[in-house]
file upload.pdb (PDB, C-alpha atoms)
ATOM      1  CA  MET A  38     135.453 108.631  83.996
ATOM      2  CA  GLY A  39     134.247 112.249  83.923
ATOM      3  CA  LEU A  40     135.358 112.690  80.368
ATOM      4  CA  SER A  41     133.769 109.452  79.174
ATOM      5  CA  VAL A  42     130.438 110.387  80.787
ATOM      6  CA  GLN A  43     130.473 113.678  78.907
ATOM      7  CA  SER A  44     131.299 112.114  75.548
ATOM      8  CA  PHE A  45     128.722 109.410  76.234
ATOM      9  CA  ILE A  46     126.027 112.061  76.601
ATOM     10  CA  THR A  47     126.981 113.967  73.446
ATOM     11  CA  GLU A  48     127.370 110.807  71.374
ATOM     12  CA  HIS A  49     124.010 109.354  72.359
ATOM     13  CA  LYS A  50     121.835 112.417  72.553
ATOM     14  CA  ARG A  51     118.965 110.863  70.608
ATOM     15  CA  ALA A  52     118.649 107.754  72.755
ATOM     16  CA  LEU A  53     119.069 109.703  75.997
ATOM     17  CA  THR A  54     116.441 112.233  74.890
ATOM     18  CA  LEU A  55     113.984 109.416  74.232
ATOM     19  CA  ILE A  56     114.670 107.955  77.681
ATOM     20  CA  ALA A  57     114.245 111.399  79.306
ATOM     21  CA  VAL A  58     110.908 111.937  77.531
ATOM     22  CA  LEU A  59     109.671 108.506  78.673
ATOM     23  CA  LEU A  60     110.616 109.327  82.276
ATOM     24  CA  VAL A  61     109.013 112.782  82.272
ATOM     25  CA  VAL A  62     105.658 111.542  80.932
ATOM     26  CA  SER A  63     105.656 108.339  83.025
ATOM     27  CA  PRO A  64     103.730 109.796  86.020
ATOM     28  CA  LEU A  65     100.833 110.638  83.686
ATOM     29  CA  PHE A  66     100.170 106.916  83.561
ATOM     30  CA  GLY A  67     101.818 105.425  86.620
ATOM     31  CA  ILE A  68     100.590 107.987  89.163
ATOM     32  CA  ILE A  69      97.929 110.343  87.844
ATOM     33  CA  GLY A  70      96.078 107.869  85.611
ATOM     34  CA  ALA A  71      96.391 105.203  88.277
ATOM     35  CA  ASP A  72      94.843 107.547  90.829
ATOM     36  CA  ILE A  73      91.907 108.344  88.538
ATOM     37  CA  VAL A  74      90.971 104.709  87.959
ATOM     38  CA  GLY A  75      91.981 103.473  91.422
ATOM     39  CA  TYR A  76      94.756 101.310  90.070
ATOM     40  CA  HIS A  77      96.739  98.752  91.983
ATOM     41  CA  GLU A  78      99.146  96.174  90.610
ATOM     42  CA  PRO A  79      96.985  93.273  89.357
ATOM     43  CA  LEU A  80      98.939  90.682  91.280
ATOM     44  CA  ASP A  81      98.811  92.932  94.371
ATOM     45  CA  VAL A  82      95.021  93.055  94.042
ATOM     46  CA  ALA A  83      94.947  89.265  93.780
ATOM     47  CA  ALA A  84      97.160  88.978  96.848
ATOM     48  CA  GLU A  85      94.928  91.280  98.843
ATOM     49  CA  ALA A  86      91.766  89.441  97.786
ATOM     50  CA  LEU A  87      93.333  86.147  98.797
ATOM     51  CA  GLY A  88      94.803  87.463 102.032
ATOM     52  CA  LEU A  89      98.332  86.526 100.968
ATOM     53  CA  ASN A  90     101.147  88.171 102.824
ATOM     54  CA  GLU A  91     102.580  90.360 100.104
ATOM     55  CA  THR A  92     104.742  92.486 102.355
ATOM     56  CA  GLY A  93     107.635  90.678 100.752
ATOM     57  CA  LEU A  94     111.117  90.041 101.980
ATOM     58  CA  TRP A  95     112.573  93.160 100.443
ATOM     59  CA  SER A  96     110.627  96.236  99.382
ATOM     60  CA  GLY A  97     113.525  98.065  97.766
ATOM     61  CA  ILE A  98     115.409 101.278  98.466
ATOM     62  CA  LEU A  99     112.735 103.353  96.699
ATOM     63  CA  PRO A 100     109.685 101.099  97.275
ATOM     64  CA  ASP A 101     107.238 101.018  94.349
ATOM     65  CA  TYR A 102     109.070 103.895  92.621
ATOM     66  CA  SER A 103     108.405 106.352  95.437
ATOM     67  CA  VAL A 104     110.839 108.560  97.362
ATOM     68  CA  PRO A 105     110.277 108.358 101.128
ATOM     69  CA  GLY A 106     109.583 111.766 102.681
ATOM     70  CA  LEU A 107     107.943 113.363  99.651
ATOM     71  CA  PRO A 108     104.287 114.380 100.148
ATOM     72  CA  GLU A 109     101.757 111.640  99.429
ATOM     73  CA  ASN A 110      99.781 113.749  96.951
ATOM     74  CA  TRP A 111      99.883 113.483  93.159
ATOM     75  CA  ALA A 112     102.644 116.101  92.862
ATOM     76  CA  GLY A 113     104.885 114.446  95.433
ATOM     77  CA  LEU A 114     104.218 110.976  94.076
ATOM     78  CA  SER A 115     104.810 112.147  90.489
ATOM     79  CA  LEU A 116     108.084 113.801  91.489
ATOM     80  CA  GLY A 117     109.098 110.647  93.358
ATOM     81  CA  TYR A 118     108.191 108.535  90.335
ATOM     82  CA  ILE A 119     110.355 110.664  88.013
ATOM     83  CA  ILE A 120     113.252 110.700  90.502
ATOM     84  CA  SER A 121     112.946 106.904  90.791
ATOM     85  CA  GLY A 122     113.080 106.643  87.010
ATOM     86  CA  ILE A 123     116.188 108.824  86.831
ATOM     87  CA  VAL A 124     117.854 106.757  89.581
ATOM     88  CA  GLY A 125     117.048 103.489  87.766
ATOM     89  CA  VAL A 126     118.308 104.763  84.412
ATOM     90  CA  ALA A 127     121.438 106.217  86.051
ATOM     91  CA  ILE A 128     122.251 102.899  87.752
ATOM     92  CA  ILE A 129     121.830 100.962  84.489
ATOM     93  CA  LEU A 130     123.933 103.420  82.442
ATOM     94  CA  ALA A 131     126.593 103.553  85.177
ATOM     95  CA  LEU A 132     126.832  99.742  85.153
ATOM     96  CA  GLY A 133     127.290  99.936  81.375
ATOM     97  CA  LEU A 134     130.013 102.585  81.663
ATOM     98  CA  ILE A 135     131.865 100.611  84.352
ATOM     99  CA  LEU A 136     131.730  97.430  82.244
ATOM    100  CA  ARG A 137     132.859  99.438  79.224
ATOM    101  CA  GLU A 138     135.885 100.847  81.044
ATOM    102  CA  PHE A 139     136.659  97.373  82.351
ATOM    103  CA  VAL A 140     136.537  95.818  78.870
ATOM    104  CA  ALA A 141     138.446  98.708  77.266
ATOM    105  CA  LYS A 142     141.294  98.184  79.726
ATOM    106  CA  GLY A 143     141.273  94.497  78.871
TER
ATOM    107  CA  MET B  87     102.063  94.603  77.203
ATOM    108  CA  GLY B  88     100.817  93.168  80.424
ATOM    109  CA  ASP B  89     102.187  92.864  83.869
ATOM    110  CA  VAL B  90     103.906  89.677  84.828
ATOM    111  CA  HIS B  91     106.143  90.873  87.656
ATOM    112  CA  ILE B  92     105.465  88.234  90.299
ATOM    113  CA  PRO B  93     105.722  89.513  93.917
ATOM    114  CA  ASP B  94     107.042  87.571  96.912
ATOM    115  CA  GLY B  95     104.668  85.029  98.431
ATOM    116  CA  PHE B  96     103.091  83.853  95.168
ATOM    117  CA  LEU B  97     105.361  80.936  94.391
ATOM    118  CA  ASP B  98     105.942  77.843  96.447
ATOM    119  CA  PRO B  99     109.604  77.174  97.305
ATOM    120  CA  VAL B 100     110.021  74.338  94.793
ATOM    121  CA  THR B 101     108.716  76.389  91.863
ATOM    122  CA  ALA B 102     110.734  79.427  92.944
ATOM    123  CA  ALA B 103     113.921  77.340  93.259
ATOM    124  CA  LEU B 104     113.372  75.594  89.931
ATOM    125  CA  CYS B 105     112.886  78.942  88.183
ATOM    126  CA  TYR B 106     116.017  80.301  89.861
ATOM    127  CA  ALA B 107     118.002  77.280  88.655
ATOM    128  CA  ILE B 108     116.844  77.752  85.044
ATOM    129  CA  ALA B 109     117.474  81.514  85.182
ATOM    130  CA  LEU B 110     120.964  81.083  86.660
ATOM    131  CA  ALA B 111     121.954  78.384  84.162
ATOM    132  CA  PHE B 112     120.695  80.376  81.175
ATOM    133  CA  THR B 113     122.354  83.562  82.434
ATOM    134  CA  ALA B 114     125.670  81.756  82.963
ATOM    135  CA  VAL B 115     125.568  80.455  79.377
ATOM    136  CA  ALA B 116     124.520  83.912  78.165
ATOM    137  CA  ILE B 117     127.551  85.519  79.857
ATOM    138  CA  TYR B 118     129.860  82.874  78.377
ATOM    139  CA  LYS B 119     128.356  83.257  74.895
ATOM    140  CA  SER B 120     128.366  87.059  75.020
ATOM    141  CA  LYS B 121     131.953  87.527  76.250
ATOM    142  CA  ALA B 122     133.489  87.688  72.789
ATOM    143  CA  ARG B 123     130.867  90.201  71.628
ATOM    144  CA  LEU B 124     131.364  92.623  74.514
ATOM    145  CA  LYS B 125     133.136  95.390  72.607
ATOM    146  CA  PRO B 126     132.797  98.880  74.119
ATOM    147  CA  GLU B 127     130.264 100.037  71.515
ATOM    148  CA  VAL B 128     128.118  96.909  72.001
ATOM    149  CA  ILE B 129     128.138  97.476  75.767
ATOM    150  CA  THR B 130     127.028 101.068  75.205
ATOM    151  CA  LEU B 131     124.186  99.951  72.955
ATOM    152  CA  ALA B 132     123.123  97.228  75.389
ATOM    153  CA  SER B 133     123.116  99.610  78.370
ATOM    154  CA  LEU B 134     121.135 102.231  76.428
ATOM    155  CA  LEU B 135     118.614  99.555  75.433
ATOM    156  CA  ALA B 136     118.357  98.370  79.051
ATOM    157  CA  ALA B 137     117.789 101.964  80.222
ATOM    158  CA  ALA B 138     115.174 102.551  77.505
ATOM    159  CA  ILE B 139     113.318  99.314  78.362
ATOM    160  CA  PHE B 140     113.402 100.234  82.059
ATOM    161  CA  ALA B 141     111.999 103.710  81.264
ATOM    162  CA  ALA B 142     109.370 102.295  78.874
ATOM    163  CA  GLN B 143     108.212  99.855  81.581
ATOM    164  CA  MET B 144     107.521 102.846  83.842
ATOM    165  CA  LEU B 145     104.762 103.913  81.452
ATOM    166  CA  ASN B 146     102.215 101.864  83.265
ATOM    167  CA  TRP B 147      98.855 102.296  81.552
ATOM    168  CA  PRO B 148      96.165 101.874  84.176
ATOM    169  CA  ILE B 149      92.948 100.121  83.261
ATOM    170  CA  PRO B 150      89.754 100.585  85.312
ATOM    171  CA  GLY B 151      89.125  97.562  87.490
ATOM    172  CA  GLY B 152      92.583  97.385  88.952
ATOM    173  CA  THR B 153      94.940  96.239  86.282
ATOM    174  CA  SER B 154      97.490  97.780  83.970
ATOM    175  CA  LEU B 155      99.661  97.304  80.953
ATOM    176  CA  HIS B 156     103.188  98.214  80.319
ATOM    177  CA  MET B 157     105.663  97.374  77.618
ATOM    178  CA  VAL B 158     107.890  94.425  78.564
ATOM    179  CA  GLY B 159     110.448  94.693  75.785
ATOM    180  CA  GLY B 160     112.055  91.253  76.012
ATOM    181  CA  ALA B 161     111.251  90.361  72.412
ATOM    182  CA  LEU B 162     112.697  93.687  71.269
ATOM    183  CA  ALA B 163     115.925  93.005  73.172
ATOM    184  CA  GLY B 164     116.160  89.540  71.568
ATOM    185  CA  ILE B 165     115.595  90.945  68.081
ATOM    186  CA  LEU B 166     118.116  93.759  68.438
ATOM    187  CA  LEU B 167     120.859  91.960  70.358
ATOM    188  CA  GLY B 168     120.197  88.249  69.862
ATOM    189  CA  PRO B 169     119.050  85.797  72.551
ATOM    190  CA  TRP B 170     122.118  85.788  74.828
ATOM    191  CA  LEU B 171     122.880  89.478  75.074
ATOM    192  CA  GLY B 172     119.145  90.200  74.946
ATOM    193  CA  GLU B 173     118.654  88.041  78.031
ATOM    194  CA  LEU B 174     121.470  89.805  79.885
ATOM    195  CA  VAL B 175     119.861  93.174  79.149
ATOM    196  CA  MET B 176     116.554  91.972  80.623
ATOM    197  CA  VAL B 177     118.359  90.504  83.664
ATOM    198  CA  VAL B 178     119.879  93.930  84.400
ATOM    199  CA  VAL B 179     116.457  95.611  84.071
ATOM    200  CA  LEU B 180     114.755  93.013  86.304
ATOM    201  CA  LEU B 181     117.555  93.113  88.901
ATOM    202  CA  VAL B 182     117.352  96.904  89.224
ATOM    203  CA  GLN B 183     113.530  96.783  89.400
ATOM    204  CA  CYS B 184     113.628  94.098  92.079
ATOM    205  CA  LEU B 185     116.525  95.334  94.226
ATOM    206  CA  VAL B 186     116.049  99.109  94.020
ATOM    207  CA  PHE B 187     112.276  99.449  93.644
ATOM    208  CA  GLY B 188     110.838  96.245  95.080
ATOM    209  CA  ASP B 189     109.088  95.606  91.742
ATOM    210  CA  GLY B 190     108.893  91.831  91.470
ATOM    211  CA  GLY B 191     109.672  89.757  94.551
ATOM    212  CA  ILE B 192     113.200  88.701  95.396
ATOM    213  CA  THR B 193     112.048  85.087  95.759
ATOM    214  CA  ALA B 194     110.285  85.380  92.390
ATOM    215  CA  LEU B 195     113.263  86.908  90.573
ATOM    216  CA  GLY B 196     114.130  83.570  88.951
ATOM    217  CA  ALA B 197     110.589  83.219  87.618
ATOM    218  CA  ASN B 198     110.495  86.817  86.425
ATOM    219  CA  ILE B 199     113.806  86.329  84.586
ATOM    220  CA  LEU B 200     112.491  83.080  83.081
ATOM    221  CA  ASN B 201     109.274  84.725  81.837
ATOM    222  CA  MET B 202     110.430  88.153  80.698
ATOM    223  CA  GLY B 203     114.146  87.595  80.175
ATOM    224  CA  ILE B 204     114.242  84.123  78.619
ATOM    225  CA  ILE B 205     110.849  83.147  77.160
ATOM    226  CA  ASP B 206     109.967  86.610  75.825
ATOM    227  CA  VAL B 207     113.486  87.203  74.449
ATOM    228  CA  LEU B 208     113.706  83.778  72.774
ATOM    229  CA  MET B 209     110.257  84.054  71.196
ATOM    230  CA  GLY B 210     111.028  87.494  69.792
ATOM    231  CA  TYR B 211     114.326  86.329  68.386
ATOM    232  CA  ALA B 212     112.919  83.080  66.959
ATOM    233  CA  PHE B 213     109.987  84.663  65.113
ATOM    234  CA  PHE B 214     112.118  87.495  63.798
ATOM    235  CA  LYS B 215     114.868  85.172  62.568
ATOM    236  CA  ALA B 216     112.321  82.835  60.977
ATOM    237  CA  LEU B 217     110.731  85.606  58.924
ATOM    238  CA  ALA B 218     113.290  88.359  58.364
ATOM    239  CA  ARG B 219     115.993  88.071  55.745
ATOM    240  CA  PRO B 220     119.604  89.223  56.273
ATOM    241  CA  GLY B 221     120.013  92.749  54.978
ATOM    242  CA  GLY B 222     116.436  93.552  55.947
ATOM    243  CA  THR B 223     115.364  93.762  52.314
ATOM    244  CA  ASN B 224     111.799  92.647  52.887
ATOM    245  CA  ARG B 225     110.236  95.182  55.203
ATOM    246  CA  ALA B 226     106.893  93.387  55.504
ATOM    247  CA  ARG B 227     108.470  90.089  56.563
ATOM    248  CA  MET B 228     110.688  91.848  59.063
ATOM    249  CA  MET B 229     107.785  93.745  60.630
ATOM    250  CA  LEU B 230     105.638  90.613  60.712
ATOM    251  CA  GLY B 231     108.427  88.688  62.441
ATOM    252  CA  ALA B 232     108.893  91.446  65.027
ATOM    253  CA  PHE B 233     105.122  91.733  65.553
ATOM    254  CA  LEU B 234     104.655  87.981  66.061
ATOM    255  CA  GLY B 235     107.689  87.823  68.350
ATOM    256  CA  GLY B 236     106.458  90.703  70.511
ATOM    257  CA  TRP B 237     102.883  89.429  70.575
ATOM    258  CA  LEU B 238     103.454  85.723  71.153
ATOM    259  CA  GLY B 239     106.503  86.313  73.340
ATOM    260  CA  ILE B 240     104.427  88.163  75.897
ATOM    261  CA  THR B 241     101.577  85.643  75.520
ATOM    262  CA  LEU B 242     103.874  82.728  76.306
ATOM    263  CA  ALA B 243     105.415  84.698  79.187
ATOM    264  CA  GLY B 244     101.866  85.128  80.532
ATOM    265  CA  VAL B 245     101.186  81.384  80.174
ATOM    266  CA  ALA B 246     104.434  80.605  82.010
ATOM    267  CA  CYS B 247     103.483  83.055  84.770
ATOM    268  CA  GLY B 248     100.097  81.296  85.031
ATOM    269  CA  LEU B 249     101.816  77.903  85.321
ATOM    270  CA  GLU B 250     104.210  79.131  88.010
ATOM    271  CA  ILE B 251     101.593  80.730  90.247
ATOM    272  CA  GLY B 252      99.026  78.021  89.440
ATOM    273  CA  TYR B 253     101.296  75.302  90.805
ATOM    274  CA  SER B 254     101.827  77.161  94.040
ATOM    275  CA  PRO B 255      99.765  75.879  96.997
ATOM    276  CA  ALA B 256      99.756  79.466  98.320
ATOM    277  CA  PHE B 257      97.596  80.418  95.365
ATOM    278  CA  PRO B 258      94.138  78.830  95.631
ATOM    279  CA  PHE B 259      93.474  78.733  91.879
ATOM    280  CA  GLY B 260      95.064  75.826  90.048
ATOM    281  CA  VAL B 261      96.709  75.889  86.639
ATOM    282  CA  ALA B 262      93.352  75.054  85.008
ATOM    283  CA  ILE B 263      92.330  78.623  85.869
ATOM    284  CA  THR B 264      95.570  80.593  86.024
ATOM    285  CA  VAL B 265      96.964  79.421  82.661
ATOM    286  CA  PRO B 266      93.922  80.270  80.500
ATOM    287  CA  VAL B 267      93.354  83.547  82.368
ATOM    288  CA  MET B 268      96.962  84.731  82.075
ATOM    289  CA  GLY B 269      97.326  83.317  78.566
ATOM    290  CA  LEU B 270      94.172  84.841  77.089
ATOM    291  CA  TRP B 271      94.736  88.144  78.875
ATOM    292  CA  HIS B 272      98.213  88.479  77.381
ATOM    293  CA  LEU B 273      97.089  87.150  73.994
ATOM    294  CA  GLY B 274      94.808  90.186  73.862
ATOM    295  CA  LEU B 275      97.102  92.826  75.351
ATOM    296  CA  GLY B 276     100.162  91.383  73.657
ATOM    297  CA  VAL B 277      98.942  92.713  70.305
ATOM    298  CA  ILE B 278     100.007  96.196  71.470
ATOM    299  CA  GLU B 279     103.443  94.905  72.485
ATOM    300  CA  GLY B 280     103.712  93.302  69.039
ATOM    301  CA  ILE B 281     102.806  96.541  67.263
ATOM    302  CA  ILE B 282     105.312  98.617  69.282
ATOM    303  CA  THR B 283     108.026  95.980  68.761
ATOM    304  CA  ALA B 284     107.389  95.973  65.001
ATOM    305  CA  LEU B 285     107.443  99.800  64.788
ATOM    306  CA  VAL B 286     110.678 100.128  66.797
ATOM    307  CA  VAL B 287     112.417  97.369  64.816
ATOM    308  CA  ASP B 288     111.240  98.888  61.533
ATOM    309  CA  TYR B 289     112.553 102.314  62.571
ATOM    310  CA  MET B 290     115.901 100.878  63.682
ATOM    311  CA  ALA B 291     116.255  98.780  60.526
ATOM    312  CA  ARG B 292     115.786 101.857  58.344
ATOM    313  CA  LYS B 293     117.763 104.417  60.380
ATOM    314  CA  LEU B 294     120.341 102.349  62.261
ATOM    315  CA  PRO B 295     120.464  98.936  60.537
ATOM    316  CA  SER B 296     123.759  97.990  62.193
ATOM    317  CA  LEU B 297     121.952  97.973  65.542
ATOM    318  CA  VAL B 298     119.503  95.250  64.491
ATOM    319  CA  MET B 299     122.210  92.753  65.306
ATOM    320  CA  SER B 300     120.325  89.464  65.169
ATOM    321  CA  LEU B 301     119.619  90.184  61.493
ATOM    322  CA  GLU B 302     123.248  90.086  60.431
ATOM    323  CA  LEU B 303     124.804  87.676  62.890
ATOM    324  CA  PRO B 304     125.011  84.047  61.808
ATOM    325  CA  ALA B 305     123.226  81.792  64.285
ATOM    326  CA  GLN B 306     126.388  80.441  65.915
ATOM    327  CA  GLU B 307     127.770  83.921  66.636
ATOM    328  CA  VAL B 308     124.697  85.384  68.278
TER
END
call {"tool": "encode", "arguments": {"input": "upload.pdb", "output": "structure tokens"}}
result
Amino acid sequence: MGLSVQSFITEHKRALTLIAVLLVVSPLFGIIGADIVGYHEPLDVAAEALGLNETGLWSGILPDYSVPGLPENWAGLSLGYIISGIVGVAIILALGLILREFVAKG
Amino acid sequence: MGDVHIPDGFLDPVTAALCYAIALAFTAVAIYKSKARLKPEVITLASLLAAAIFAAQMLNWPIPGGTSLHMVGGALAGILLGPWLGELVMVVVLLVQCLVFGDGGITALGANILNMGIIDVLMGYAFFKALARPGGTNRARMMLGAFLGGWLGITLAGVACGLEIGYSPAFPFGVAITVPVMGLWHLGLGVIEGIITALVVDYMARKLPSLVMSLELPAQEV
């Protein structure tokens, strides 16, 4: 597996670079821009206005792309947002690699 | 562009269950149809596309007044990979968003798959296939097909979202309000999704034409 991860990275540098760039700039919109304009998820706003219980049944391991324990300022939230992005991308690529190994072995 | 991730508590149980049934049935067929195509290099491409769509969705453009836009990418997945594999890519993205980040409710996962993974993917694929020619010789037709697929795919996903929440007794506005609001909103914002979809498809068709798979595959093999 170690070897295939390495070759995967070298073979797909362009795509992985694009993904990395998207993740690094994402807090500019998701956290910092959202803070400036007082953004909340549109359907969350609707839920609040209507008094719906939007606590949900499951809020996730990293709820709303935040890392529990990091400071609740823009720097901490931005860092948490990027870490969340890396975790999400890593899970998706790992699933792909596992399926690939599985298929390659027949 | 738009945000149609439905949280928990918005759908009534019947709507939620119906959406789950459609999503499960479509996904089962998609797995069956995609099995033969799952060569290692196709899996790699699909997982990279899923990761890129996930990352692109994190670019959440806030709009004053409490709303936002982000790329959805379902139409793009349908154009690049075809409807079945395209749907599976969106299912993986939506599952990770829901289970790991609580983005989109677990009870609404069926509806979110139906809107973003099925409707958006199918619309993108259908418009692209209707307009583009195999070999990608006519650039204008190909870009128009990708634009219309991206634009109208997200619009129809918005309409479907409006129908689903409009039918829910938990939501005090009926479909007479939710459908036009969601539909018109996404008809406007969807133009941006259409433009990005067209630009990405155009780039791929020129630089990596083998990756625009729906272009070359005959309909029965997609």
call {"tool": "closest_residue", "arguments": {"input": "upload.pdb", "among": "B:Leu249, B:Ala122, B:Ala163, B:Leu97", "to": "Met202 in chain B", "atoms": "only C-alpha atoms"}}
result
B:Ala163
call {"tool": "residues_near_point", "arguments": {"input": "upload.pdb", "point": "(108.5, 111.5, 94.7)", "cutoff": "10 Å", "atoms": "all atoms listed in the file", "output": "ChimeraX atom specification"}}
result
/A:99,102-121
call {"tool": "resolve_selection", "arguments": {"input": "upload.pdb", "expression": "the PyMOL selection byres ((chain B and resi 280-292) around 10)", "output": "ChimeraX atom specification"}}
result
/B:87,157-163,165-166,210,214,221-223,225-226,228-240,275-279,293-299,301
call {"tool": "closest_residue", "arguments": {"input": "upload.pdb", "among": "B:Ala137, B:Leu217, B:Ala256, B:Ile92", "to": "Val182 in chain B", "atoms": "all atoms listed in the file"}}
result
B:Ala137
call {"tool": "atom_distance", "arguments": {"input": "upload.pdb", "atom1": "CA of Asp94 in chain B", "atom2": "CA of Gly190 in chain B"}}
result
7.2 Å
call {"tool": "residues_around", "arguments": {"input": "upload.pdb", "residues": "Val62 in chain A", "least_positions_apart": "3", "cutoff": "10 Å", "atoms": "only C-alpha atoms", "output": "VMD selection string"}}
result
(chain A and resid 57 to 59 65 to 67 115 119) or (chain B and resid 144 to 145)
call {"tool": "write_last_selection", "arguments": {"input": "upload.pdb", "atoms": "C-alpha atoms", "output": "PDB file, in the frame of the given file"}}
result
ATOM      1  CA  ALA A  57     114.245 111.399  79.306  1.00  0.00           C
ATOM      2  CA  VAL A  58     110.908 111.937  77.531  1.00  0.00           C
ATOM      3  CA  LEU A  59     109.671 108.506  78.673  1.00  0.00           C
ATOM      4  CA  LEU A  65     100.833 110.638  83.686  1.00  0.00           C
ATOM      5  CA  PHE A  66     100.170 106.916  83.561  1.00  0.00           C
ATOM      6  CA  GLY A  67     101.818 105.425  86.620  1.00  0.00           C
ATOM      7  CA  SER A 115     104.810 112.147  90.489  1.00  0.00           C
ATOM      8  CA  ILE A 119     110.355 110.664  88.013  1.00  0.00           C
TER       9      ILE A 119
ATOM     10  CA  MET B 144     107.521 102.846  83.842  1.00  0.00           C
ATOM     11  CA  LEU B 145     104.762 103.913  81.452  1.00  0.00           C
TER      12      LEU B 145
END
call {"tool": "atom_distance", "arguments": {"input": "upload.pdb", "atom1": "CA of Lys121 in chain B", "atom2": "CA of Ala127 in chain A"}}
result
23.6 Å
